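Notes follow the structure.
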Protein chains: 2
Amino acid sequence: MSRRIPPGDNLLRWVCDSCSSIHYENPRMIVGCVAEWEGKILLCKRAIEPRHGLWTVPAGFLEKGETTAEGAQRETLEEANARVEIAALFSLYNLPHIDQVYLLFRGRLLDANVSAGAETLETRLFEEADIPWDQLAFATVRNTLTHYLSDRARGHFGFHIGTIEHKTREREAGRS
Amino acid sequence: MSRRIPPGDNLLRWVCDSCSSIHYENPRMIVGCVAEWEGKILLCKRAIEPRHGLWTVPAGFLEKGETTAEGAQRETLEEANARVEIAALFSLYNLPHIDQVYLLFRGRLLDANVSAGAETLETRLFEEADIPWDQLAFATVRNTLTHYLSDRARGHFGFHIGTIEHKTREREAGRS
């Protein structure tokens, strides 16, 4: 494999030197959800890097053959052994510096049985007042939870889209 | 490279036999927009397969380092030499059978100068009554245009999410 611009293209790609097949690399989707049970929100303490020991909503890479909502449901099952019914898409965050796009849904847990999956140290259903804001793993999670609680308080959930440029600088764009 | 399940994973992946590095394959995003100029909608007649000769909104694979809106803007420039201002996200379609997720925005053209890019045979600004419904390239485009015109008529644009299972069977899910 070597990096060159294939005919008709305008970007460097990995191209096989023997068979000329092109290995395209594109941004990946992270899918997950804000899952509620009787007003409480499911968070998972990460057992893996990055951000080992910090809290996140269940989320992970979308896999081939599944829809974005199915991926969010699967991640919730894998990370928290929790069964969730997915509602609307709630937020989209672009992370162009690491080639990721987060798609986070709203969800309703089918019961309160949650427990740590293989990539999780601990799961917990948090009352709003108890959310560990200074122990959240990612800006995407912090922003999404902030919008979620604000929307819930005003009685109407919107859809939020934004871009996180790097760890400290963020901008929000658009809303519907 | 051979296909096997890496330690701690539960899916078959391509793994290098000599260095054990894993080549993850994940679904890809197609980004594009419904771009308007004075009520008319920009469509492009495809110069490439699949669906050579049929009409589509400008759209293509999201590339590394760009946000979803930037990708939609770039595709509009590449396919129609058109400069567009991107507004809100308008639709998301899952195409799990081909591992794609479409993200289509609403956009406003900065001027009426549009012309065919390298992957386009012809560009045109269509009045609603002239849209070539039986010559559209993809179900994602047909569904998005249908919702767009319906929302525009009622004076409020929503966000639409759905899944296209294969060429003939479709289901719509959710709306906000």
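A note on labels: chains of the structure tokens are A, B, ... as shown, every chain counts residues from 1, and ligands are counted from 1 in their shown order.
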Cut-off 9 Å: closest chain A/chain B atom pairs per residue, using only C-alpha atoms, as a tab-separated table:
residue	atom	partner	partner_atom	distance
A:Gly8	CA	B:Ala118	CA	8.5
A:Glu25	CA	B:Lys64	CA	7.4
A:Asn26	CA	B:Glu63	CA	5.4
A:Pro27	CA	B:Lys64	CA	5.4
A:Arg28	CA	B:Asn26	CA	6.6
A:Met29	CA	B:Pro27	CA	7.6
A:Phe61	CA	B:Asn26	CA	7.7
A:Leu62	CA	B:Asn26	CA	6.6
A:Glu63	CA	B:Asn26	CA	5.4
A:Lys64	CA	B:Pro27	CA	5.4
A:Gly65	CA	B:Pro96	CA	4.6
A:Glu66	CA	B:Pro96	CA	5.3
A:Thr67	CA	B:Asn94	CA	5.5
A:Thr68	CA	B:Asn94	CA	6.9
A:Ala87	CA	B:Gly174	CA	7.3
A:Ala88	CA	B:Gly174	CA	6.0
A:Leu89	CA	B:Ile161	CA	8.1
A:Tyr93	CA	B:Thr67	CA	8.8
A:Asn94	CA	B:Thr67	CA	5.5
A:Leu95	CA	B:Thr67	CA	7.2
A:Pro96	CA	B:Gly65	CA	4.6
A:His97	CA	B:Gly65	CA	5.9
A:Ile98	CA	B:Gly65	CA	7.4
A:Asp99	CA	B:Lys64	CA	5.5
A:Gln100	CA	B:Lys64	CA	8.6
A:Val101	CA	B:Thr68	CA	8.1
A:Ala118	CA	B:Gly8	CA	8.5
A:Phe157	CA	B:Ser176	CA	8.4
A:Gly158	CA	B:Ser176	CA	7.3
A:Phe159	CA	B:Ser176	CA	7.7
A:Ile161	CA	B:Leu89	CA	8.1
A:Thr163	CA	B:Thr67	CA	7.4
A:Ala173	CA	B:Ala88	CA	8.7
A:Gly174	CA	B:Ala88	CA	6.0
A:Arg175	CA	B:Ala88	CA	6.8
A:Ser176	CA	B:Ala88	CA	7.0
Store the residues picked out above in a file with N, CA, C and O atoms, as a tab-separated table (two decimals), in the first residue's frame.
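Full text of part-v5.tsv as output:
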chain	number	residue	atom	x	y	z
A	8	GLY	N	-9.06	10.64	-11.37
A	8	GLY	CA	-10.40	11.18	-11.17
A	8	GLY	C	-10.69	11.62	-9.76
A	8	GLY	O	-11.77	12.13	-9.46
A	25	GLU	N	-10.61	5.74	3.47
A	25	GLU	CA	-10.80	5.98	4.89
A	25	GLU	C	-11.74	7.16	5.05
A	25	GLU	O	-11.46	8.24	4.54
A	26	ASN	N	-12.84	6.95	5.73
A	26	ASN	CA	-13.83	8.01	5.92
A	26	ASN	C	-14.13	8.16	7.41
A	26	ASN	O	-13.84	7.26	8.19
A	27	PRO	N	-14.72	9.29	7.78
A	27	PRO	CA	-15.11	9.48	9.18
A	27	PRO	C	-16.07	8.37	9.64
A	27	PRO	O	-16.80	7.80	8.84
A	28	ARG	N	-16.04	8.11	10.94
A	28	ARG	CA	-16.89	7.06	11.50
A	28	ARG	C	-17.97	7.67	12.38
A	28	ARG	O	-17.79	8.74	12.95
A	29	MET	N	-19.06	6.94	12.50
A	29	MET	CA	-20.16	7.37	13.38
A	29	MET	C	-20.09	6.68	14.73
A	29	MET	O	-19.86	5.47	14.80
A	61	PHE	N	-19.05	2.74	18.19
A	61	PHE	CA	-19.02	2.80	16.74
A	61	PHE	C	-20.21	2.06	16.10
A	61	PHE	O	-20.53	0.93	16.47
A	62	LEU	N	-20.85	2.73	15.16
A	62	LEU	CA	-21.88	2.07	14.35
A	62	LEU	C	-21.21	0.95	13.55
A	62	LEU	O	-20.15	1.14	12.97
A	63	GLU	N	-21.85	-0.21	13.55
A	63	GLU	CA	-21.30	-1.36	12.82
A	63	GLU	C	-22.06	-1.58	11.51
A	63	GLU	O	-23.18	-1.10	11.34
A	64	LYS	N	-21.42	-2.31	10.59
A	64	LYS	CA	-22.05	-2.59	9.31
A	64	LYS	C	-23.36	-3.36	9.50
A	64	LYS	O	-23.48	-4.18	10.39
A	65	GLY	N	-24.34	-3.05	8.65
A	65	GLY	CA	-25.59	-3.80	8.64
A	65	GLY	C	-26.64	-3.33	9.63
A	65	GLY	O	-27.74	-3.87	9.67
A	66	GLU	N	-26.31	-2.32	10.44
A	66	GLU	CA	-27.32	-1.85	11.39
A	66	GLU	C	-27.68	-0.40	11.11
A	66	GLU	O	-26.91	0.35	10.53
A	67	THR	N	-28.90	-0.01	11.55
A	67	THR	CA	-29.29	1.39	11.46
A	67	THR	C	-28.68	2.13	12.65
A	67	THR	O	-28.23	1.51	13.62
A	68	THR	N	-28.71	3.46	12.58
A	68	THR	CA	-28.14	4.26	13.67
A	68	THR	C	-28.88	3.98	14.99
A	68	THR	O	-28.24	3.86	16.04
A	87	ALA	N	-36.16	6.63	20.91
A	87	ALA	CA	-37.11	7.62	20.38
A	87	ALA	C	-36.39	8.44	19.30
A	87	ALA	O	-35.69	7.88	18.48
A	88	ALA	N	-36.54	9.75	19.32
A	88	ALA	CA	-35.97	10.59	18.24
A	88	ALA	C	-34.47	10.80	18.38
A	88	ALA	O	-33.88	10.63	19.44
A	89	LEU	N	-33.85	11.19	17.26
A	89	LEU	CA	-32.46	11.64	17.29
A	89	LEU	C	-32.43	12.95	18.06
A	89	LEU	O	-33.26	13.83	17.86
A	93	TYR	N	-22.94	15.68	16.80
A	93	TYR	CA	-21.72	16.46	16.98
A	93	TYR	C	-20.66	16.01	15.99
A	93	TYR	O	-20.37	14.82	15.86
A	94	ASN	N	-20.10	16.99	15.28
A	94	ASN	CA	-18.95	16.76	14.40
A	94	ASN	C	-17.68	16.88	15.24
A	94	ASN	O	-17.52	17.86	15.98
A	95	LEU	N	-16.78	15.91	15.08
A	95	LEU	CA	-15.46	15.99	15.70
A	95	LEU	C	-14.43	15.81	14.59
A	95	LEU	O	-13.79	14.76	14.47
A	96	PRO	N	-14.27	16.86	13.75
A	96	PRO	CA	-13.44	16.69	12.55
A	96	PRO	C	-11.97	16.41	12.85
A	96	PRO	O	-11.30	15.79	12.02
A	97	HIS	N	-11.48	16.79	14.01
A	97	HIS	CA	-10.06	16.55	14.34
A	97	HIS	C	-9.78	15.08	14.61
A	97	HIS	O	-8.61	14.66	14.56
A	98	ILE	N	-10.83	14.29	14.91
A	98	ILE	CA	-10.61	12.85	15.07
A	98	ILE	C	-11.51	12.04	14.13
A	98	ILE	O	-11.68	10.84	14.31
A	99	ASP	N	-12.08	12.72	13.13
A	99	ASP	CA	-12.86	12.04	12.09
A	99	ASP	C	-14.00	11.19	12.66
A	99	ASP	O	-14.19	10.03	12.29
A	100	GLN	N	-14.75	11.81	13.57
A	100	GLN	CA	-15.92	11.14	14.12
A	100	GLN	C	-17.14	12.05	14.04
A	100	GLN	O	-17.02	13.28	14.09
A	101	VAL	N	-18.31	11.43	13.92
A	101	VAL	CA	-19.58	12.12	14.03
A	101	VAL	C	-20.42	11.37	15.07
A	101	VAL	O	-20.64	10.17	14.93
A	118	ALA	N	-18.75	-5.39	29.61
A	118	ALA	CA	-17.31	-5.64	29.60
A	118	ALA	C	-16.47	-4.35	29.56
A	118	ALA	O	-15.38	-4.31	30.12
A	157	PHE	N	-38.48	18.56	23.46
A	157	PHE	CA	-37.16	18.15	23.01
A	157	PHE	C	-36.91	18.60	21.58
A	157	PHE	O	-37.72	18.33	20.68
A	158	GLY	N	-35.81	19.31	21.35
A	158	GLY	CA	-35.42	19.70	20.00
A	158	GLY	C	-34.39	18.75	19.44
A	158	GLY	O	-34.21	17.63	19.93
A	159	PHE	N	-33.71	19.19	18.38
A	159	PHE	CA	-32.58	18.45	17.81
A	159	PHE	C	-31.41	19.42	17.79
A	159	PHE	O	-31.54	20.57	17.36
A	161	ILE	N	-27.32	20.35	16.90
A	161	ILE	CA	-26.18	20.00	16.07
A	161	ILE	C	-25.04	20.95	16.38
A	161	ILE	O	-25.26	22.14	16.64
A	163	THR	N	-20.34	21.41	16.55
A	163	THR	CA	-19.00	20.94	16.21
A	163	THR	C	-18.08	21.14	17.40
A	163	THR	O	-18.10	22.19	18.03
A	173	ALA	N	-23.78	25.02	16.43
A	173	ALA	CA	-24.30	25.56	15.16
A	173	ALA	C	-25.67	24.99	14.89
A	173	ALA	O	-25.84	23.78	14.83
A	174	GLY	N	-26.63	25.89	14.73
A	174	GLY	CA	-27.95	25.46	14.29
A	174	GLY	C	-28.75	24.76	15.36
A	174	GLY	O	-28.24	24.41	16.42
A	175	ARG	N	-29.97	24.58	15.07
A	175	ARG	CA	-30.92	24.00	16.03
A	175	ARG	C	-32.26	24.01	15.35
A	175	ARG	O	-32.59	24.94	14.63
A	176	SER	N	-33.07	22.98	15.56
A	176	SER	CA	-34.40	22.99	14.96
A	176	SER	C	-35.40	22.39	15.90
A	176	SER	O	-35.02	21.80	16.89
query = When DSSP works through the backbone of this structure, what residues of segment 114-147 of chain A end up as strand (DSSP E or B), shown as a list in words?
reply =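 For segment 114-147 of chain A, the strand (DSSP E or B) set is Thr120, Leu121, Glu122, Thr123, Arg124, Leu125, Phe126 and Leu136 of chain A.
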Write out, as a PDB file, in the first residue's frame, the residues just selected, with all heavy atoms.
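Contents of part-v1.pdb, freshly written:
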ATOM      1  N   THR A 120     -17.302  -1.457  30.876  1.00  0.00           N
ATOM      2  CA  THR A 120     -17.856  -0.538  31.876  1.00  0.00           C
ATOM      3  C   THR A 120     -17.468  -0.987  33.282  1.00  0.00           C
ATOM      4  O   THR A 120     -17.517  -2.177  33.588  1.00  0.00           O
ATOM      5  CB  THR A 120     -19.408  -0.524  31.746  1.00  0.00           C
ATOM      6  OG1 THR A 120     -19.749  -0.194  30.402  1.00  0.00           O
ATOM      7  CG2 THR A 120     -20.044   0.474  32.689  1.00  0.00           C
ATOM      8  N   LEU A 121     -17.064  -0.022  34.132  1.00  0.00           N
ATOM      9  CA  LEU A 121     -16.730  -0.335  35.524  1.00  0.00           C
ATOM     10  C   LEU A 121     -17.978  -0.374  36.387  1.00  0.00           C
ATOM     11  O   LEU A 121     -18.075  -1.171  37.324  1.00  0.00           O
ATOM     12  CB  LEU A 121     -15.777   0.728  36.100  1.00  0.00           C
ATOM     13  CG  LEU A 121     -14.376   0.816  35.481  1.00  0.00           C
ATOM     14  CD1 LEU A 121     -13.651   2.063  35.989  1.00  0.00           C
ATOM     15  CD2 LEU A 121     -13.577  -0.437  35.795  1.00  0.00           C
ATOM     16  N   GLU A 122     -18.940   0.515  36.047  1.00  0.00           N
ATOM     17  CA  GLU A 122     -20.106   0.692  36.911  1.00  0.00           C
ATOM     18  C   GLU A 122     -21.197   1.388  36.098  1.00  0.00           C
ATOM     19  O   GLU A 122     -20.894   2.228  35.254  1.00  0.00           O
ATOM     20  CB  GLU A 122     -19.692   1.590  38.102  1.00  0.00           C
ATOM     21  CG  GLU A 122     -20.782   1.921  39.087  1.00  0.00           C
ATOM     22  CD  GLU A 122     -20.333   2.959  40.119  1.00  0.00           C
ATOM     23  OE1 GLU A 122     -19.128   3.283  40.173  1.00  0.00           O
ATOM     24  OE2 GLU A 122     -21.201   3.455  40.866  1.00  0.00           O
ATOM     25  N   THR A 123     -22.453   1.025  36.342  1.00  0.00           N
ATOM     26  CA  THR A 123     -23.562   1.763  35.726  1.00  0.00           C
ATOM     27  C   THR A 123     -24.392   2.360  36.846  1.00  0.00           C
ATOM     28  O   THR A 123     -24.476   1.797  37.939  1.00  0.00           O
ATOM     29  CB  THR A 123     -24.480   0.843  34.898  1.00  0.00           C
ATOM     30  OG1 THR A 123     -24.904  -0.244  35.731  1.00  0.00           O
ATOM     31  CG2 THR A 123     -23.765   0.281  33.679  1.00  0.00           C
ATOM     32  N   ARG A 124     -25.027   3.495  36.551  1.00  0.00           N
ATOM     33  CA  ARG A 124     -25.885   4.078  37.575  1.00  0.00           C
ATOM     34  C   ARG A 124     -26.977   4.914  36.916  1.00  0.00           C
ATOM     35  O   ARG A 124     -26.754   5.500  35.859  1.00  0.00           O
ATOM     36  CB  ARG A 124     -25.064   4.943  38.534  1.00  0.00           C
ATOM     37  CG  ARG A 124     -25.706   5.039  39.927  1.00  0.00           C
ATOM     38  CD  ARG A 124     -25.003   6.052  40.808  1.00  0.00           C
ATOM     39  NE  ARG A 124     -23.608   5.717  41.079  1.00  0.00           N
ATOM     40  CZ  ARG A 124     -22.781   6.524  41.769  1.00  0.00           C
ATOM     41  NH1 ARG A 124     -23.214   7.696  42.225  1.00  0.00           N
ATOM     42  NH2 ARG A 124     -21.524   6.168  41.987  1.00  0.00           N
ATOM     43  N   LEU A 125     -28.154   4.946  37.549  1.00  0.00           N
ATOM     44  CA  LEU A 125     -29.245   5.810  37.102  1.00  0.00           C
ATOM     45  C   LEU A 125     -29.195   7.072  37.950  1.00  0.00           C
ATOM     46  O   LEU A 125     -29.420   7.024  39.169  1.00  0.00           O
ATOM     47  CB  LEU A 125     -30.586   5.086  37.258  1.00  0.00           C
ATOM     48  CG  LEU A 125     -30.763   3.871  36.340  1.00  0.00           C
ATOM     49  CD1 LEU A 125     -31.942   3.003  36.790  1.00  0.00           C
ATOM     50  CD2 LEU A 125     -30.962   4.321  34.894  1.00  0.00           C
ATOM     51  N   PHE A 126     -28.867   8.194  37.306  1.00  0.00           N
ATOM     52  CA  PHE A 126     -28.640   9.450  38.023  1.00  0.00           C
ATOM     53  C   PHE A 126     -29.869  10.344  38.028  1.00  0.00           C
ATOM     54  O   PHE A 126     -30.436  10.637  36.967  1.00  0.00           O
ATOM     55  CB  PHE A 126     -27.491  10.232  37.369  1.00  0.00           C
ATOM     56  CG  PHE A 126     -26.120   9.704  37.681  1.00  0.00           C
ATOM     57  CD1 PHE A 126     -25.500   8.794  36.825  1.00  0.00           C
ATOM     58  CD2 PHE A 126     -25.447  10.117  38.822  1.00  0.00           C
ATOM     59  CE1 PHE A 126     -24.231   8.306  37.110  1.00  0.00           C
ATOM     60  CE2 PHE A 126     -24.174   9.637  39.111  1.00  0.00           C
ATOM     61  CZ  PHE A 126     -23.569   8.720  38.251  1.00  0.00           C
ATOM     62  N   LEU A 136     -17.410  13.790  33.640  1.00  0.00           N
ATOM     63  CA  LEU A 136     -17.925  13.286  32.359  1.00  0.00           C
ATOM     64  C   LEU A 136     -16.766  13.082  31.385  1.00  0.00           C
ATOM     65  O   LEU A 136     -15.814  13.863  31.355  1.00  0.00           O
ATOM     66  CB  LEU A 136     -18.958  14.252  31.780  1.00  0.00           C
ATOM     67  CG  LEU A 136     -20.254  14.406  32.601  1.00  0.00           C
ATOM     68  CD1 LEU A 136     -21.191  15.406  31.942  1.00  0.00           C
ATOM     69  CD2 LEU A 136     -20.960  13.049  32.783  1.00  0.00           C
TER      70      LEU A 136
END
What would chain A look like once superposed on chain B, with the fit done by least squares over all C-alpha atoms paired in order? Give it as a CSV table (one decimal) with C-alpha atoms, in the first residue's frame.
chain,number,residue,atom,x,y,z
A,1,MET,CA,-5.1,-10.1,6.0
A,2,SER,CA,-7.6,-12.6,7.2
A,3,ARG,CA,-11.0,-12.4,8.8
A,4,ARG,CA,-11.1,-13.3,12.5
A,5,ILE,CA,-12.5,-12.0,15.8
A,6,PRO,CA,-9.9,-10.0,17.7
A,7,PRO,CA,-9.6,-10.5,21.5
A,8,GLY,CA,-12.3,-8.6,23.4
A,9,ASP,CA,-14.4,-8.1,20.2
A,10,ASN,CA,-17.4,-10.0,19.0
A,11,LEU,CA,-17.4,-9.3,15.3
A,12,LEU,CA,-15.2,-10.7,12.4
A,13,ARG,CA,-12.6,-8.1,11.4
A,14,TRP,CA,-9.8,-8.0,8.8
A,15,VAL,CA,-6.6,-8.6,10.8
A,16,CYS,CA,-3.1,-8.4,9.4
A,17,ASP,CA,-1.5,-11.8,9.7
A,18,SER,CA,2.0,-10.3,10.2
A,19,CYS,CA,1.5,-7.3,12.5
A,20,SER,CA,-2.0,-8.1,13.9
A,21,SER,CA,-3.3,-4.6,13.2
A,22,ILE,CA,-7.0,-4.5,12.8
A,23,HIS,CA,-8.7,-2.9,9.7
A,24,TYR,CA,-12.1,-1.8,11.0
A,25,GLU,CA,-14.8,-1.4,8.4
A,26,ASN,CA,-17.7,0.8,9.4
A,27,PRO,CA,-20.7,2.4,7.7
A,28,ARG,CA,-20.0,5.6,5.7
A,29,MET,CA,-21.8,8.9,5.6
A,30,ILE,CA,-23.1,10.5,2.5
A,31,VAL,CA,-23.6,14.2,3.0
A,32,GLY,CA,-25.4,16.6,0.7
A,33,CYS,CA,-28.1,19.3,0.5
A,34,VAL,CA,-31.4,20.5,-0.9
A,35,ALA,CA,-30.2,23.8,-2.3
A,36,GLU,CA,-32.7,26.5,-3.2
A,37,TRP,CA,-32.4,29.6,-5.4
A,38,GLU,CA,-35.6,31.8,-5.5
A,39,GLY,CA,-37.8,28.8,-4.8
A,40,LYS,CA,-36.1,26.6,-7.3
A,41,ILE,CA,-34.2,23.5,-6.3
A,42,LEU,CA,-30.8,22.4,-7.6
A,43,LEU,CA,-30.6,19.0,-9.1
A,44,CYS,CA,-27.6,17.3,-10.9
A,45,LYS,CA,-27.9,14.6,-13.6
A,46,ARG,CA,-25.3,11.9,-12.7
A,47,ALA,CA,-22.4,11.3,-15.0
A,48,ILE,CA,-21.3,8.3,-13.0
A,49,GLU,CA,-22.6,4.9,-11.9
A,50,PRO,CA,-24.7,4.0,-10.1
A,51,ARG,CA,-27.8,5.6,-11.7
A,52,HIS,CA,-26.0,7.3,-14.6
A,53,GLY,CA,-28.3,9.8,-16.3
A,54,LEU,CA,-30.7,10.2,-13.3
A,55,TRP,CA,-31.1,13.2,-11.2
A,56,THR,CA,-30.0,13.7,-7.6
A,57,VAL,CA,-29.3,16.5,-5.1
A,58,PRO,CA,-25.6,17.2,-4.7
A,59,ALA,CA,-24.2,14.6,-2.2
A,60,GLY,CA,-21.2,12.4,-1.7
A,61,PHE,CA,-19.0,10.7,0.9
A,62,LEU,CA,-18.0,12.7,3.9
A,63,GLU,CA,-14.2,13.0,3.9
A,64,LYS,CA,-11.8,13.1,6.8
A,65,GLY,CA,-11.2,16.4,8.6
A,66,GLU,CA,-14.5,18.0,7.6
A,67,THR,CA,-17.8,18.5,9.4
A,68,THR,CA,-21.0,17.1,7.9
A,69,ALA,CA,-22.1,20.6,6.8
A,70,GLU,CA,-18.7,21.4,5.2
A,71,GLY,CA,-18.9,18.1,3.3
A,72,ALA,CA,-22.3,19.0,2.0
A,73,GLN,CA,-21.0,22.4,0.9
A,74,ARG,CA,-18.0,20.8,-0.8
A,75,GLU,CA,-20.1,18.3,-2.7
A,76,THR,CA,-22.3,21.1,-4.0
A,77,LEU,CA,-19.3,22.9,-5.2
A,78,GLU,CA,-17.8,19.8,-6.8
A,79,GLU,CA,-20.9,18.5,-8.5
A,80,ALA,CA,-22.6,21.7,-9.5
A,81,ASN,CA,-19.9,24.5,-9.2
A,82,ALA,CA,-22.4,26.0,-6.9
A,83,ARG,CA,-21.8,28.0,-3.7
A,84,VAL,CA,-24.3,27.2,-1.0
A,85,GLU,CA,-24.9,28.4,2.5
A,86,ILE,CA,-25.9,25.4,4.7
A,87,ALA,CA,-28.8,25.8,7.1
A,88,ALA,CA,-30.3,23.0,9.3
A,89,LEU,CA,-30.0,19.2,8.9
A,90,PHE,CA,-33.1,18.1,7.2
A,91,SER,CA,-33.1,14.3,6.8
A,92,LEU,CA,-31.2,11.2,7.9
A,93,TYR,CA,-31.6,7.9,6.0
A,94,ASN,CA,-30.2,4.6,7.1
A,95,LEU,CA,-29.3,2.3,4.3
A,96,PRO,CA,-28.1,-0.7,6.3
A,97,HIS,CA,-28.0,-3.1,3.3
A,98,ILE,CA,-25.2,-1.0,1.8
A,99,ASP,CA,-23.7,0.4,5.0
A,100,GLN,CA,-24.5,4.0,4.3
A,101,VAL,CA,-26.1,6.8,6.3
A,102,TYR,CA,-27.4,9.8,4.3
A,103,LEU,CA,-27.3,13.2,6.0
A,104,LEU,CA,-29.0,15.9,3.9
A,105,PHE,CA,-29.1,19.6,4.9
A,106,ARG,CA,-31.2,22.5,3.7
A,107,GLY,CA,-29.2,25.1,1.9
A,108,ARG,CA,-29.5,28.5,0.1
A,109,LEU,CA,-27.5,29.1,-3.1
A,110,LEU,CA,-25.5,32.3,-3.0
A,111,ASP,CA,-26.2,33.0,-6.7
A,112,ALA,CA,-27.8,31.2,-9.7
A,113,ASN,CA,-24.4,30.3,-11.3
A,114,VAL,CA,-24.6,26.5,-11.4
A,115,SER,CA,-22.9,24.2,-14.0
A,116,ALA,CA,-21.9,20.6,-14.3
A,117,GLY,CA,-18.9,19.4,-12.4
A,118,ALA,CA,-16.8,16.3,-13.4
A,119,GLU,CA,-19.3,13.8,-12.1
A,120,THR,CA,-22.3,15.6,-13.5
A,121,LEU,CA,-23.8,15.6,-17.0
A,122,GLU,CA,-26.1,18.6,-16.4
A,123,THR,CA,-27.3,20.9,-13.6
A,124,ARG,CA,-30.6,22.6,-13.4
A,125,LEU,CA,-32.7,24.7,-11.0
A,126,PHE,CA,-36.1,23.1,-11.0
A,127,GLU,CA,-39.5,24.8,-10.2
A,128,GLU,CA,-41.5,22.5,-7.9
A,129,ALA,CA,-43.8,21.6,-10.8
A,130,ASP,CA,-41.0,20.5,-13.0
A,131,ILE,CA,-39.1,18.1,-10.7
A,132,PRO,CA,-38.5,14.9,-12.6
A,133,TRP,CA,-40.0,12.5,-10.1
A,134,ASP,CA,-39.7,9.4,-12.4
A,135,GLN,CA,-36.0,10.3,-13.2
A,136,LEU,CA,-34.6,10.6,-9.6
A,137,ALA,CA,-31.6,8.5,-8.8
A,138,PHE,CA,-32.2,7.4,-5.2
A,139,ALA,CA,-35.1,6.8,-2.8
A,140,THR,CA,-33.3,9.0,-0.3
A,141,VAL,CA,-33.5,11.9,-2.8
A,142,ARG,CA,-37.2,11.2,-3.6
A,143,ASN,CA,-38.2,11.0,0.1
A,144,THR,CA,-36.2,14.0,1.0
A,145,LEU,CA,-37.7,16.2,-1.8
A,146,THR,CA,-41.2,15.0,-0.9
A,147,HIS,CA,-40.7,16.0,2.8
A,148,TYR,CA,-39.0,19.2,1.8
A,149,LEU,CA,-41.8,20.4,-0.5
A,150,SER,CA,-44.5,19.4,2.0
A,151,ASP,CA,-42.7,21.2,4.9
A,152,ARG,CA,-42.2,24.3,2.7
A,153,ALA,CA,-45.8,24.4,1.8
A,154,ARG,CA,-46.9,24.3,5.5
A,155,GLY,CA,-44.3,26.9,6.3
A,156,HIS,CA,-42.2,24.9,8.8
A,157,PHE,CA,-39.2,22.7,8.1
A,158,GLY,CA,-38.9,19.6,10.4
A,159,PHE,CA,-36.2,16.9,10.6
A,160,HIS,CA,-36.9,13.6,9.1
A,161,ILE,CA,-35.3,10.2,9.8
A,162,GLY,CA,-36.0,6.9,8.1
A,163,THR,CA,-34.6,3.6,6.9
A,164,ILE,CA,-34.5,2.4,3.3
A,165,GLU,CA,-34.2,-1.4,3.5
A,166,HIS,CA,-33.6,-2.0,-0.2
A,167,LYS,CA,-34.6,-0.5,-3.5
A,168,THR,CA,-38.4,-1.1,-3.2
A,169,ARG,CA,-39.3,-1.4,0.4
A,170,GLU,CA,-39.1,1.7,2.7
A,171,ARG,CA,-40.2,2.6,6.1
A,172,GLU,CA,-40.1,6.0,7.8
A,173,ALA,CA,-39.4,6.2,11.5
A,174,GLY,CA,-39.7,9.2,13.8
A,175,ARG,CA,-39.9,12.8,13.1
A,176,SER,CA,-39.3,15.9,15.2
